[in-house]
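A short write-up of the structure that comes next.
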Amino acid sequence: QKEVEQDPGPLSVPEGAIVSLNCTYSNSAFQYFMWYRQYSRKGPELLMYTYSSGNKVDGRFTAQVDKSSKYISLFIRDSQPSDSATYLCASGSGGYQKVTFGTGTKLQVIP
Amino acid sequence: DTGVSQDPRHKITKRGQNVTFRCDPISEHNRLYWYRQTLGQGPEFLTYFQNEAQLEKSRLLSDRFSAERPKGSFSTLEIQRTEQGDSAMYLCASSPPNSGTEAFFGQGTRLTVV
């Protein structure tokens, strides 16, 4: 079992929809959680970063962490075609070299 | 552009050849990481530098792989005697001092071994 599990998709939604992307993790030691966006043939771009359980909001993006169930979510409100990308969740403890990435979920937002 | 810079962006090489990639981190970032990413997978950790010291290496980093960061600034990743299984995107990331839990990625070098 991988330490971070993520549904690879693809996930197709119409423009304007609310998108929900999810990950589960198995390592109770994980202390911080991240979401990255990766466009095709580009490097990952950090979207959201959080230490604690609960919600963190940044514009149209909301990251949610539930440590009791080891569940990580990213919500995208009012999705746009430019949101079409692969979304990677990542979790870690200690230094960044200990971060484990999920396999990514490919999202397509259809105009 | 003040982000992480990687060169080249693409490299096609014949099996058995050696290749070298370069990474220039964000200025004043003392931590530097190399990752490998294959299609449909997330980035996999290869190695980590703090300043010029290579502090950690993954078991994925076979004897054919070597990385250096001689002056604590740019880094190079060399693959000797390339194999088709080395075909992947090689990503570099860097972190600032006192923030070792957050990193910023470059655009990657896509290697194709034919």
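Note on naming: chains are A, B, ... as they come in the structure tokens, residues start from 1 per chain, ligands start from 1 in the order shown.
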
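Residue-level contact on chain B: within 6 Å of chain A, counting only C-alpha atoms, the set is Gln41, Gly42, Gly100, Thr101, Phe105, Gly106, Gln107 and Gly108 of chain B.
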
As a ChimeraX atom specification, list the residues of chain A assigned to strand (DSSP E or B) by DSSP on the backbone atoms of this structure. /A:4-6,11-14,19-25,32-38,45-50,54-58,61-66,71-76,85-92,100-101,105-110

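Taking atom CA of Phe21 of chain B as the reference point, atom CA of Leu47 of chain A is found at 26.5 Å.
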
Taking into account only C-alpha atoms, which residue in the set A:Thr62, A:Asn27, A:Thr50, A:Ser12 is nearest to Ala85 of chain A? A:Ser12

Distance query Glu56 of chain B at most 12 Å, only C-alpha atoms, self and fewer than 4 positions along chain excluded, as a ChimeraX atom specification: /A:95-98 /B:31-34,45-50,60-61,67

Any chance you could export the current selection's N, CA, C and O atoms as a tab-separated table (two decimals), in the first residue's frame?
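Output file out-v7.tsv is given in full below:
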```tsv
chain	number	residue	atom	x	y	z
A	95	GLY	N	11.77	16.92	7.36
A	95	GLY	CA	12.18	17.74	6.24
A	95	GLY	C	11.47	17.39	4.95
A	95	GLY	O	10.84	16.35	4.82
A	96	TYR	N	11.58	18.31	3.97
A	96	TYR	CA	10.85	18.14	2.72
A	96	TYR	C	11.28	16.88	1.98
A	96	TYR	O	10.52	16.32	1.20
A	97	GLN	N	12.50	16.41	2.23
A	97	GLN	CA	12.96	15.20	1.55
A	97	GLN	C	12.13	13.98	1.96
A	97	GLN	O	12.20	12.93	1.34
A	98	LYS	N	11.35	14.12	3.01
A	98	LYS	CA	10.48	13.04	3.48
A	98	LYS	C	9.08	13.10	2.87
A	98	LYS	O	8.22	12.28	3.20
B	31	ARG	N	18.53	24.64	0.35
B	31	ARG	CA	18.15	23.23	0.21
B	31	ARG	C	17.75	22.95	-1.23
B	31	ARG	O	17.01	23.72	-1.83
B	32	LEU	N	18.23	21.83	-1.75
B	32	LEU	CA	17.97	21.49	-3.15
B	32	LEU	C	17.65	20.00	-3.24
B	32	LEU	O	18.31	19.18	-2.57
B	33	TYR	N	16.67	19.67	-4.04
B	33	TYR	CA	16.18	18.30	-4.15
B	33	TYR	C	16.08	17.90	-5.62
B	33	TYR	O	15.73	18.72	-6.47
B	34	TRP	N	16.36	16.63	-5.89
B	34	TRP	CA	16.13	16.06	-7.21
B	34	TRP	C	15.05	14.98	-7.09
B	34	TRP	O	15.05	14.19	-6.15
B	45	PHE	N	11.41	10.96	-4.85
B	45	PHE	CA	12.62	11.58	-4.31
B	45	PHE	C	13.86	10.81	-4.74
B	45	PHE	O	13.92	9.58	-4.67
B	46	LEU	N	14.89	11.55	-5.18
B	46	LEU	CA	16.18	10.95	-5.52
B	46	LEU	C	17.26	11.32	-4.52
B	46	LEU	O	17.94	10.45	-3.98
B	47	THR	N	17.45	12.64	-4.31
B	47	THR	CA	18.53	13.06	-3.44
B	47	THR	C	18.30	14.49	-2.96
B	47	THR	O	17.50	15.23	-3.54
B	48	TYR	N	19.00	14.86	-1.89
B	48	TYR	CA	18.79	16.13	-1.20
B	48	TYR	C	20.13	16.72	-0.79
B	48	TYR	O	21.00	16.02	-0.27
B	49	PHE	N	20.28	18.03	-1.04
B	49	PHE	CA	21.46	18.77	-0.62
B	49	PHE	C	21.05	19.88	0.34
B	49	PHE	O	20.04	20.55	0.15
B	50	GLN	N	21.86	20.07	1.35
B	50	GLN	CA	21.79	21.29	2.15
B	50	GLN	C	23.13	21.99	1.96
B	50	GLN	O	24.16	21.47	2.36
B	60	LEU	N	16.50	4.62	-4.98
B	60	LEU	CA	16.27	4.72	-6.42
B	60	LEU	C	17.52	5.20	-7.14
B	60	LEU	O	17.67	5.00	-8.35
B	61	LEU	N	18.39	5.86	-6.41
B	61	LEU	CA	19.59	6.44	-7.00
B	61	LEU	C	20.66	5.35	-7.11
B	61	LEU	O	21.46	5.15	-6.20
B	67	ALA	N	25.06	12.98	-8.20
B	67	ALA	CA	24.65	14.38	-8.12
B	67	ALA	C	25.68	15.16	-7.33
B	67	ALA	O	26.30	14.63	-6.41
```

Contact residues around segment 14-24 of chain A with only C-alpha atoms at 6 Å, ignoring same-chain residues under 2 positions, as a PyMOL selection string: chain A and resi 4-6+70-80+109-111

Which distance in Å separates atom CA of Arg81 of chain B and atom CA of Pro25 of chain B, to one decimal?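 Interatomic distance here is 26.6 Å.
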
I need the residue nearest Ala63 of chain A from this list: A:Gln108, A:Ala29, A:Met48, A:Pro10. Use only C-alpha atoms for the distance. A:Met48

Among listed residues B:Glu83, B:Met89, B:Glu78, B:Pro97, nearest Asn51 of chain B (using only C-alpha atoms): B:Pro97
